[in-house]
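Colleague: If it helps, the file is called upload-v7.cif and holds mmCIF, C-alpha atoms:
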data_work
loop_
_atom_site.group_PDB
_atom_site.id
_atom_site.type_symbol
_atom_site.label_atom_id
_atom_site.label_comp_id
_atom_site.auth_asym_id
_atom_site.auth_seq_id
_atom_site.Cartn_x
_atom_site.Cartn_y
_atom_site.Cartn_z
ATOM 1 C CA MET A 149 -39.334 9.581 60.230
ATOM 2 C CA GLY A 150 -36.323 7.263 60.500
ATOM 3 C CA THR A 151 -32.967 7.812 62.143
ATOM 4 C CA THR A 152 -32.044 11.449 62.470
ATOM 5 C CA LEU A 153 -28.772 13.296 62.693
ATOM 6 C CA ILE A 154 -29.038 16.702 64.386
ATOM 7 C CA GLY A 155 -32.671 16.851 63.334
ATOM 8 C CA PHE A 156 -32.059 15.703 59.712
ATOM 9 C CA SER A 157 -33.081 12.339 58.306
ATOM 10 C CA ILE A 158 -30.028 10.181 57.458
ATOM 11 C CA LEU A 159 -31.684 9.135 54.202
ATOM 12 C CA GLY A 160 -32.457 12.778 53.453
ATOM 13 C CA ILE A 161 -28.785 13.624 53.796
ATOM 14 C CA ALA A 162 -27.879 10.577 51.664
ATOM 15 C CA LYS A 163 -30.296 11.815 48.999
ATOM 16 C CA ILE A 164 -28.667 15.257 48.948
ATOM 17 C CA PHE A 165 -25.218 13.678 48.597
ATOM 18 C CA ALA A 166 -26.428 11.337 45.850
ATOM 19 C CA LEU A 167 -28.007 14.180 43.885
ATOM 20 C CA PHE A 168 -24.921 16.342 44.357
ATOM 21 C CA GLY A 169 -22.705 13.521 43.109
ATOM 22 C CA LEU A 170 -24.913 12.856 40.113
ATOM 23 C CA GLY A 171 -25.023 16.589 39.338
ATOM 24 C CA ILE A 172 -21.240 16.662 39.312
ATOM 25 C CA TYR A 173 -21.312 13.582 37.094
ATOM 26 C CA ILE A 174 -23.497 15.398 34.543
ATOM 27 C CA ILE A 175 -20.810 18.108 34.358
ATOM 28 C CA PHE A 176 -18.222 15.364 33.848
ATOM 29 C CA ALA A 177 -20.353 13.857 31.047
ATOM 30 C CA LEU A 178 -20.549 17.294 29.413
ATOM 31 C CA VAL A 179 -16.764 17.559 29.604
ATOM 32 C CA VAL A 180 -16.501 14.154 27.928
ATOM 33 C CA VAL A 181 -18.685 15.393 25.054
ATOM 34 C CA ARG A 182 -16.469 18.465 24.744
ATOM 35 C CA GLN A 183 -13.370 16.322 24.908
ATOM 36 C CA VAL A 184 -14.625 14.044 22.137
ATOM 37 C CA ASN A 185 -15.329 17.078 19.947
ATOM 38 C CA LEU A 186 -11.807 18.349 20.610
ATOM 39 C CA MET A 187 -10.319 14.973 19.709
ATOM 40 C CA VAL A 188 -12.364 14.676 16.524
ATOM 41 C CA GLU A 189 -11.271 18.173 15.496
ATOM 42 C CA THR A 190 -7.651 17.216 16.078
ATOM 43 C CA ILE A 191 -7.661 13.991 14.150
ATOM 44 C CA GLU A 192 -10.195 12.366 11.857
ATOM 45 C CA VAL A 193 -9.632 8.695 11.383
ATOM 46 C CA GLY A 194 -13.110 7.226 11.010
ATOM 47 C CA TYR A 195 -15.916 6.220 13.369
ATOM 48 C CA GLU A 196 -16.180 9.857 14.561
ATOM 49 C CA PHE A 197 -19.968 9.717 14.342
ATOM 50 C CA PHE A 198 -20.192 6.624 16.566
ATOM 51 C CA ILE A 199 -17.780 8.045 19.109
ATOM 52 C CA LYS A 200 -19.759 11.273 19.325
ATOM 53 C CA LEU A 201 -22.937 9.195 19.614
ATOM 54 C CA ILE A 202 -21.536 7.249 22.586
ATOM 55 C CA ALA A 203 -20.462 10.499 24.295
ATOM 56 C CA TRP A 204 -23.956 11.974 23.887
ATOM 57 C CA ALA A 205 -25.608 8.701 24.974
ATOM 58 C CA HIS A 206 -23.420 8.769 28.091
ATOM 59 C CA LEU A 207 -24.538 12.333 28.842
ATOM 60 C CA ILE A 208 -28.213 11.434 28.313
ATOM 61 C CA PHE A 209 -27.817 8.395 30.582
ATOM 62 C CA ALA A 210 -26.243 10.612 33.279
ATOM 63 C CA VAL A 211 -29.176 13.048 33.074
ATOM 64 C CA PHE A 212 -31.610 10.102 33.164
ATOM 65 C CA VAL A 213 -29.978 8.711 36.335
ATOM 66 C CA PHE A 214 -30.074 12.155 37.959
ATOM 67 C CA LEU A 215 -33.772 12.595 37.167
ATOM 68 C CA THR A 216 -34.518 9.036 38.327
ATOM 69 C CA ALA A 217 -32.720 9.711 41.616
ATOM 70 C CA LEU A 218 -34.611 12.983 41.999
ATOM 71 C CA ASN A 219 -37.923 11.146 41.583
ATOM 72 C CA ILE A 220 -37.460 7.963 43.539
ATOM 73 C CA LEU A 221 -35.191 8.933 46.414
ATOM 74 C CA MET B 77 2.642 26.674 -29.407
ATOM 75 C CA PRO B 78 4.919 23.941 -28.094
ATOM 76 C CA ASP B 79 6.289 24.275 -24.600
ATOM 77 C CA ILE B 80 9.983 25.065 -24.604
ATOM 78 C CA PHE B 81 10.463 24.477 -20.928
ATOM 79 C CA ILE B 82 8.264 22.675 -18.411
ATOM 80 C CA SER B 83 9.336 22.883 -14.823
ATOM 81 C CA GLU B 84 9.680 19.533 -13.134
ATOM 82 C CA GLN B 85 10.023 21.188 -9.733
ATOM 83 C CA LYS B 86 6.745 19.774 -8.465
ATOM 84 C CA ASN B 87 7.775 16.259 -9.224
ATOM 85 C CA ILE B 88 11.318 16.471 -7.934
ATOM 86 C CA LYS B 89 10.343 15.803 -4.343
ATOM 87 C CA ALA B 90 8.109 12.898 -5.186
ATOM 88 C CA HIS B 91 10.780 11.313 -7.363
ATOM 89 C CA SER B 92 13.566 11.979 -4.920
ATOM 90 C CA LYS B 93 11.775 10.345 -2.007
ATOM 91 C CA GLY B 94 12.294 6.681 -1.504
ATOM 92 C CA ILE B 95 8.956 6.824 0.262
ATOM 93 C CA SER B 96 6.962 9.100 -1.963
ATOM 94 C CA THR B 97 3.361 10.150 -2.418
ATOM 95 C CA SER B 98 2.312 6.552 -2.923
ATOM 96 C CA PRO B 99 4.146 3.500 -1.700
ATOM 97 C CA PRO B 100 6.051 1.388 -4.218
ATOM 98 C CA LYS B 101 4.688 -2.118 -4.598
ATOM 99 C CA SER B 102 7.794 -3.730 -3.126
ATOM 100 C CA VAL B 103 7.514 -1.512 -0.055
ATOM 101 C CA VAL B 104 3.838 -2.360 0.404
ATOM 102 C CA GLU B 105 4.745 -6.027 0.328
ATOM 103 C CA ARG B 106 7.095 -5.379 3.234
ATOM 104 C CA HIS B 107 4.087 -4.022 5.144
ATOM 105 C CA GLU B 108 1.638 -6.799 4.421
ATOM 106 C CA PHE B 109 0.626 -6.792 8.088
ATOM 107 C CA HIS B 110 -0.690 -3.229 7.925
ATOM 108 C CA SER B 111 -4.392 -2.392 7.740
ATOM 109 C CA HIS B 112 -6.420 0.639 6.666
ATOM 110 C CA ASN B 113 -9.128 -0.085 9.223
ATOM 111 C CA PRO B 114 -9.725 3.001 11.455
ATOM 112 C CA LEU B 115 -9.035 0.780 14.477
ATOM 113 C CA SER B 116 -5.722 -0.391 13.075
ATOM 114 C CA SER B 117 -2.613 0.201 15.158
ATOM 115 C CA TYR B 118 -0.227 0.138 12.189
ATOM 116 C CA CYS B 119 -1.217 1.755 8.926
ATOM 117 C CA TYR B 120 1.202 2.426 6.081
ATOM 118 C CA PHE B 121 0.156 5.290 3.790
ATOM 119 C CA PRO B 122 -3.307 5.566 5.402
ATOM 120 C CA ASP B 123 -6.321 6.800 3.463
ATOM 121 C CA GLY B 124 -8.610 9.587 4.548
ATOM 122 C CA ILE B 125 -6.886 10.604 7.755
ATOM 123 C CA LYS B 126 -7.194 14.301 8.536
ATOM 124 C CA PHE B 127 -4.836 15.751 11.079
ATOM 125 C CA VAL B 128 -4.978 19.301 12.377
ATOM 126 C CA ALA B 129 -1.198 19.957 12.327
ATOM 127 C CA LYS B 130 -0.543 18.470 8.897
ATOM 128 C CA ASP B 131 0.355 20.743 6.002
ATOM 129 C CA SER B 132 -1.642 20.359 2.823
ATOM 130 C CA ASN B 133 1.350 19.073 0.820
ATOM 131 C CA GLU B 134 2.490 16.716 3.554
ATOM 132 C CA LYS B 135 1.883 13.015 3.103
ATOM 133 C CA ILE B 136 1.294 10.668 6.015
ATOM 134 C CA VAL B 137 3.662 7.721 5.704
ATOM 135 C CA LEU B 138 2.852 5.848 8.903
ATOM 136 C CA PHE B 139 -0.049 6.045 11.302
ATOM 137 C CA LEU B 140 0.513 4.245 14.588
ATOM 138 C CA ARG B 141 -1.232 3.540 17.845
ATOM 139 C CA LYS B 142 -0.382 1.407 20.826
ATOM 140 C CA HIS B 143 -0.665 -2.283 20.051
ATOM 141 C CA PRO B 144 -4.278 -3.538 20.552
ATOM 142 C CA ILE B 145 -3.092 -6.053 23.141
ATOM 143 C CA THR B 146 -2.308 -3.108 25.460
ATOM 144 C CA ASN B 147 -6.069 -2.619 25.734
ATOM 145 C CA LEU B 148 -6.503 -5.942 27.497
ATOM 146 C CA PRO B 149 -6.127 -4.618 31.097
ATOM 147 C CA TRP B 150 -8.824 -1.962 30.795
ATOM 148 C CA ILE B 151 -11.117 -4.346 28.882
ATOM 149 C CA ILE B 152 -10.853 -6.918 31.681
ATOM 150 C CA ILE B 153 -11.379 -4.261 34.372
ATOM 151 C CA SER B 154 -14.404 -2.924 32.472
ATOM 152 C CA LEU B 155 -15.928 -6.401 32.184
ATOM 153 C CA LEU B 156 -15.410 -6.903 35.923
ATOM 154 C CA LEU B 157 -16.980 -3.516 36.639
ATOM 155 C CA PHE B 158 -20.027 -4.380 34.517
ATOM 156 C CA ALA B 159 -20.353 -7.843 36.066
ATOM 157 C CA ALA B 160 -19.819 -6.689 39.652
ATOM 158 C CA PRO B 161 -23.434 -5.692 40.487
ATOM 159 C CA MET B 162 -24.693 -9.085 39.257
ATOM 160 C CA VAL B 163 -22.029 -10.982 41.199
ATOM 161 C CA LEU B 164 -22.336 -8.847 44.317
ATOM 162 C CA ASN B 165 -26.108 -9.324 44.249
ATOM 163 C CA SER B 166 -25.456 -12.623 46.025
ATOM 164 C CA PHE B 167 -23.752 -10.785 48.874
ATOM 165 C CA PRO B 168 -25.827 -8.496 51.093
ATOM 166 C CA LEU B 169 -23.444 -5.544 50.841
ATOM 167 C CA LEU B 170 -26.165 -2.971 50.225
ATOM 168 C CA SER B 171 -28.857 -4.701 52.306
ATOM 169 C CA PHE B 172 -28.930 -1.830 54.805
ATOM 170 C CA LEU B 173 -30.178 0.522 52.063
ATOM 171 C CA PRO B 174 -33.804 0.899 50.971
ATOM 172 C CA ASP B 175 -34.600 -0.512 47.520
ATOM 173 C CA ASN B 176 -34.762 2.903 45.817
ATOM 174 C CA PHE B 177 -31.262 3.790 47.068
ATOM 175 C CA LYS B 178 -29.970 0.397 45.929
ATOM 176 C CA PHE B 179 -31.377 0.999 42.462
ATOM 177 C CA VAL B 180 -29.766 4.439 42.144
ATOM 178 C CA ALA B 181 -26.479 3.056 43.511
ATOM 179 C CA ILE B 182 -26.437 0.376 40.802
ATOM 180 C CA LEU B 183 -27.261 2.907 38.083
ATOM 181 C CA GLY B 184 -24.466 5.137 39.387
ATOM 182 C CA TRP B 185 -22.081 2.177 39.342
ATOM 183 C CA TYR B 186 -22.888 1.493 35.690
ATOM 184 C CA LEU B 187 -22.342 5.188 34.873
ATOM 185 C CA VAL B 188 -18.857 5.010 36.337
ATOM 186 C CA ALA B 189 -18.161 1.712 34.532
ATOM 187 C CA ILE B 190 -19.251 3.194 31.183
ATOM 188 C CA ALA B 191 -17.141 6.306 31.779
ATOM 189 C CA TYR B 192 -14.079 4.223 32.631
ATOM 190 C CA ALA B 193 -14.419 2.001 29.557
ATOM 191 C CA PHE B 194 -15.154 4.918 27.224
ATOM 192 C CA GLU B 195 -12.299 7.071 28.533
ATOM 193 C CA SER B 196 -9.880 4.165 28.226
ATOM 194 C CA PHE B 197 -10.988 3.538 24.653
ATOM 195 C CA LEU B 198 -10.684 7.232 23.750
ATOM 196 C CA ASP B 199 -7.220 7.352 25.248
ATOM 197 C CA TRP B 200 -6.128 4.462 23.017
ATOM 198 C CA PHE B 201 -8.006 5.571 19.906
ATOM 199 C CA PHE B 202 -6.866 9.183 19.853
ATOM 200 C CA SER B 203 -3.343 8.860 21.237
ATOM 201 C CA VAL B 204 -1.567 8.329 17.968
ATOM 202 C CA TYR B 205 1.856 8.612 16.425
ATOM 203 C CA ILE B 206 2.136 9.981 12.923
ATOM 204 C CA ILE B 207 5.124 9.956 10.632
ATOM 205 C CA THR B 208 4.830 12.142 7.561
ATOM 206 C CA ASP B 209 7.405 12.672 4.827
ATOM 207 C CA GLU B 210 8.532 15.822 6.664
ATOM 208 C CA ARG B 211 7.780 15.448 10.364
ATOM 209 C CA VAL B 212 7.070 13.131 13.259
ATOM 210 C CA PHE B 213 4.084 13.751 15.530
ATOM 211 C CA ASP B 214 3.171 12.379 18.931
ATOM 212 C CA VAL B 215 -0.460 13.165 19.760
ATOM 213 C CA ASP B 216 -1.360 12.581 23.396
ATOM 214 C CA PHE B 217 -4.646 13.044 25.137
ATOM 215 C CA VAL B 218 -3.265 13.089 28.649
ATOM 216 C CA ASN B 219 -6.546 13.561 30.471
ATOM 217 C CA LEU B 220 -9.880 15.278 30.069
ATOM 218 C CA ILE B 221 -9.635 18.344 27.825
ATOM 219 C CA TYR B 222 -5.823 18.248 27.824
ATOM 220 C CA ARG B 223 -4.182 17.619 24.477
ATOM 221 C CA GLU B 224 -0.485 17.571 23.713
ATOM 222 C CA ILE B 225 0.970 17.437 20.217
ATOM 223 C CA THR B 226 4.725 17.038 20.005
ATOM 224 C CA GLU B 227 6.393 17.327 16.635
ATOM 225 C CA ALA B 228 9.862 17.275 15.185
ATOM 226 C CA ASN B 229 11.197 17.600 11.676
ATOM 227 C CA ILE B 230 12.649 14.433 10.204
ATOM 228 C CA ASP B 231 16.018 16.166 9.730
ATOM 229 C CA GLN B 232 16.112 17.043 13.443
ATOM 230 C CA ILE B 233 16.035 13.389 14.448
ATOM 231 C CA GLN B 234 19.399 12.449 15.893
ATOM 232 C CA GLU B 235 18.938 8.717 16.272
ATOM 233 C CA VAL B 236 16.214 6.124 16.608
ATOM 234 C CA THR B 237 16.295 3.611 19.430
ATOM 235 C CA THR B 238 13.881 0.717 19.659
ATOM 236 C CA LYS B 239 13.262 -1.145 22.871
ATOM 237 C CA MET B 240 11.417 -4.428 22.947
ATOM 238 C CA GLY B 241 11.586 -6.712 25.939
ATOM 239 C CA GLY B 242 9.414 -9.073 27.889
ATOM 240 C CA VAL B 243 7.380 -12.109 26.979
ATOM 241 C CA VAL B 244 4.190 -10.356 25.847
ATOM 242 C CA ARG B 245 6.034 -7.762 23.761
ATOM 243 C CA THR B 246 8.112 -10.415 22.064
ATOM 244 C CA ILE B 247 5.101 -12.618 21.306
ATOM 245 C CA PHE B 248 3.015 -9.771 19.888
ATOM 246 C CA ASN B 249 5.966 -7.931 18.345
ATOM 247 C CA TYR B 250 5.560 -4.479 19.822
ATOM 248 C CA GLY B 251 7.851 -2.110 21.673
ATOM 249 C CA ASP B 252 8.887 1.452 22.396
ATOM 250 C CA ILE B 253 10.766 3.781 20.090
ATOM 251 C CA TYR B 254 12.820 6.671 21.440
ATOM 252 C CA ILE B 255 13.552 9.520 19.080
ATOM 253 C CA PRO B 256 15.924 12.153 20.469
ATOM 254 C CA THR B 257 15.709 15.311 18.420
ATOM 255 C CA ALA B 258 17.698 18.485 17.989
ATOM 256 C CA SER B 259 14.573 20.582 18.368
ATOM 257 C CA GLU B 260 13.265 22.287 21.517
ATOM 258 C CA THR B 261 11.389 19.092 22.309
ATOM 259 C CA PRO B 262 14.256 16.847 23.293
ATOM 260 C CA ASN B 263 12.493 13.496 22.957
ATOM 261 C CA ILE B 264 9.637 11.912 21.120
ATOM 262 C CA GLU B 265 8.588 8.548 22.401
ATOM 263 C CA PHE B 266 6.367 6.053 20.625
ATOM 264 C CA GLU B 267 5.023 3.720 23.284
ATOM 265 C CA ALA B 268 4.090 0.094 22.631
ATOM 266 C CA VAL B 269 3.857 0.408 18.839
ATOM 267 C CA ALA B 270 3.579 -2.648 16.636
ATOM 268 C CA HIS B 271 6.551 -3.695 14.482
ATOM 269 C CA PRO B 272 9.040 -1.238 16.039
ATOM 270 C CA ASP B 273 11.907 -2.432 13.852
ATOM 271 C CA GLN B 274 9.929 -1.654 10.715
ATOM 272 C CA VAL B 275 9.026 1.787 12.065
ATOM 273 C CA ALA B 276 12.681 2.489 12.870
ATOM 274 C CA LYS B 277 13.635 1.395 9.356
ATOM 275 C CA ILE B 278 11.125 3.762 7.778
ATOM 276 C CA LEU B 279 12.385 6.627 9.947
ATOM 277 C CA ARG B 280 15.924 5.814 8.914
ATOM 278 C CA GLU B 281 14.962 5.845 5.228
ATOM 279 C CA LEU B 282 13.177 9.168 5.622
ATOM 280 C CA ARG B 283 16.206 10.681 7.385
ATOM 281 C CA VAL B 284 18.491 9.517 4.591
ATOM 282 C CA GLU B 285 16.172 11.056 2.006
ATOM 283 C CA GLU B 286 16.089 14.334 3.940
ATOM 284 C CA GLU B 287 19.871 14.400 4.079
ATOM 285 C CA LYS B 288 20.047 13.712 0.350
ATOM 286 C CA GLU B 289 17.678 16.610 -0.248
ATOM 287 C CA LYS B 290 19.812 18.898 1.888
ATOM 288 C CA ILE B 291 22.959 17.941 0.018
ATOM 289 C CA GLU B 292 21.274 18.386 -3.327
ATOM 290 C CA GLY B 293 19.743 21.689 -2.158
ATOM 291 C CA ARG B 294 16.166 20.634 -2.633
ATOM 292 C CA VAL B 295 14.951 21.322 0.877
ATOM 293 C CA GLN B 296 11.509 22.915 0.871
#
Mind converting the file's structure to structure tokens?
Modeller:
Amino acid sequence: MGTTLIGFSILGIAKIFALFGLGIYIIFALVVVRQVNLMVETIEVGYEFFIKLIAWAHLIFAVFVFLTALNIL
Amino acid sequence: MPDIFISEQKNIKAHSKGISTSPPKSVVERHEFHSHNPLSSYCYFPDGIKFVAKDSNEKIVLFLRKHPITNLPWIIISLLLFAAPMVLNSFPLLSFLPDNFKFVAILGWYLVAIAYAFESFLDWFFSVYIITDERVFDVDFVNLIYREITEANIDQIQEVTTKMGGVVRTIFNYGDIYIPTASETPNIEFEAVAHPDQVAKILRELRVEEEKEKIEGRVQ
């Protein structure tokens, strides 16, 4: 085991912080999806499908990064 | 049986408006710079725009956004954010971290970069200014999940002030428009819109038409 801080591995603590941060980010990505839906409901100009697609792709990417961090850290 | 009387009430408004349900050819020529592209920042009589606060008989005369050049700062910052991991690869800033942590850190960086670019785009795309034949709207998406729609009737507009200064604004012909109103919302402000003089002129024409309607007792 590497460097420890009060009996905890420093990298273990870093992992918990990273996962916590990425978890919060997933909530943020969900809010972005909700926000885009709200905007599209307010005003329809064109390109709504692509904008929604980007918002969902962003959310999926956030989940992917979280799962990757969970696996490799 | 022949019709003795056919009401022309429905057409009165359209005929009375200088800017009516469809733009006269001469007026369109004045707006040759406008575009019906969804990314356009200046659209005269736009097609297919649906707006939640618009009445069914209301016609959108002008659809405005901030001038595209105002996007330049966030585009440059986004490009720098995306390029940073590649550039910083030459410097051992994260060398103290194991490879798996480095990888997750870079992925996290790209997440933040994407979010910044996307949020900045959404802010520009959905923060719009709409002038209809009856009202003026300022739609702002201030931050996440917060939306603000300010509106005022055309006849409540007291004056229209345009402000255009600075090298960039003069070159690209964009500026701010201040619209003090007599409604509860004291001010409507169009920020960094293209062709501000033209916008002010259209607002002036609409106000004159509204006043004419009031005098002639045709206010709806």
Colleague: Which value, in Å to one decimal, gives the distance between atom CA of Val184 of chain A and atom CA of Ala193 of chain B?
Modeller: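 Spanning atom CA of Val184 of chain A to atom CA of Ala193 of chain B is a straight-line distance of 14.1 Å.
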Colleague: Expand the PyMOL selection byres ((chain A) within 9 of (chain B)) into the individual residues it matches in the shown file, reporting them as a PyMOL selection string.
Modeller: chain A and resi 159+162-163+166+170+173+177+179-180+182-184+186-195+199+202-203+206+209-210+213-214+216-217+220-221
Colleague: Starting from the displayed file, determine the output of the PyMOL selection byres ((chain B and resi 136) around 9) and express the residue list as number ranges by chain.
Modeller: B: 97, 120-123, 125, 130, 134-135, 137-139, 206-210
Colleague: Please determine the residues with any atom at most 9 Å from (15.2, 10.0, 8.8) (coordinates as given in the file, with all atoms listed in the file counting) and report them as a PyMOL selection string.
Modeller: chain B and resi 230-236+276-287
Colleague: Taking 6 positions as the minimum chain separation for residues in the same chain, which residues sit within 8 Å of Leu140 of chain B when counting all atoms listed in the file? Answer as an MDAnalysis selection string.
Modeller: chainID B and resid 116:119 204:206 269:270
Colleague: Go ahead and compute the interatomic distance for atom CA of Glu267 of chain B and atom CA of Thr238 of chain B, in Å to one decimal.
Modeller: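 Separation between atom CA of Glu267 of chain B and atom CA of Thr238 of chain B: 10.0 Å.
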Colleague: Using all atoms listed in the file for the distances, tell me which of B:Ser196, B:Asn165, B:Thr237, B:Asn249 is nearest to Pro149 of chain B.
Modeller: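 Closest residue, counting all atoms listed in the file: B:Ser196.
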Colleague: Using Å and a single decimal, report how far atom CA of Asp214 of chain B sits from atom CA of Phe266 of chain B.
Modeller: 7.3 Å
Colleague: Using the chain letters and numbers from this file, what does the PyMOL selection byres ((chain B and resi 157) around 10) select? Give the answer as a list of chain:residue names.
Modeller: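 On the file shown, the PyMOL selection byres ((chain B and resi 157) around 10) covers B:Ile151, B:Ile152, B:Ile153, B:Ser154, B:Leu155, B:Leu156, B:Phe158, B:Ala159, B:Ala160, B:Pro161, B:Met162, B:Trp185, B:Tyr186, B:Val188, B:Ala189, B:Ile190, B:Tyr192, B:Ala193.
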Colleague: Could you write segment 178-194 of chain A of the block just shown to a file containing N, CA and C atoms, as a short mmCIF file (atom, residue, chain, number, x, y, z; two decimals), in the first residue's frame?
Modeller:
data_model
loop_
_atom_site.label_atom_id
_atom_site.label_comp_id
_atom_site.auth_asym_id
_atom_site.auth_seq_id
_atom_site.Cartn_x
_atom_site.Cartn_y
_atom_site.Cartn_z
N LEU A 178 -27.61 15.91 -16.41
CA LEU A 178 -29.07 15.71 -16.43
C LEU A 178 -29.79 17.06 -16.45
N VAL A 179 -29.27 18.00 -15.67
CA VAL A 179 -29.87 19.34 -15.64
C VAL A 179 -29.76 20.00 -17.01
N VAL A 180 -28.63 19.77 -17.68
CA VAL A 180 -28.46 20.33 -19.03
C VAL A 180 -29.52 19.77 -19.98
N VAL A 181 -29.76 18.46 -19.89
CA VAL A 181 -30.80 17.85 -20.74
C VAL A 181 -32.16 18.49 -20.44
N ARG A 182 -32.44 18.67 -19.16
CA ARG A 182 -33.71 19.30 -18.76
C ARG A 182 -33.79 20.73 -19.27
N GLN A 183 -32.66 21.41 -19.15
CA GLN A 183 -32.61 22.81 -19.59
C GLN A 183 -32.87 22.92 -21.09
N VAL A 184 -32.26 22.02 -21.85
CA VAL A 184 -32.45 22.03 -23.31
C VAL A 184 -33.92 21.79 -23.64
N ASN A 185 -34.55 20.85 -22.93
CA ASN A 185 -35.97 20.60 -23.17
C ASN A 185 -36.81 21.85 -22.88
N LEU A 186 -36.46 22.52 -21.79
CA LEU A 186 -37.17 23.75 -21.42
C LEU A 186 -37.01 24.82 -22.50
N MET A 187 -35.79 24.95 -23.01
CA MET A 187 -35.52 25.95 -24.04
C MET A 187 -36.28 25.63 -25.32
N VAL A 188 -36.27 24.36 -25.69
CA VAL A 188 -36.94 23.94 -26.93
C VAL A 188 -38.46 24.15 -26.82
N GLU A 189 -38.98 23.93 -25.59
CA GLU A 189 -40.41 24.18 -25.39
C GLU A 189 -40.73 25.67 -25.50
N THR A 190 -39.79 26.49 -25.06
CA THR A 190 -40.02 27.94 -25.08
C THR A 190 -40.00 28.48 -26.50
N ILE A 191 -39.00 28.06 -27.24
CA ILE A 191 -38.86 28.62 -28.59
C ILE A 191 -38.33 27.56 -29.55
N GLU A 192 -39.04 27.40 -30.64
CA GLU A 192 -38.63 26.46 -31.69
C GLU A 192 -38.16 27.25 -32.89
N VAL A 193 -36.90 27.10 -33.18
CA VAL A 193 -36.31 27.84 -34.29
C VAL A 193 -35.89 26.89 -35.40
N GLY A 194 -35.36 25.76 -35.02
CA GLY A 194 -34.79 24.78 -35.94
C GLY A 194 -33.60 24.16 -35.23
#
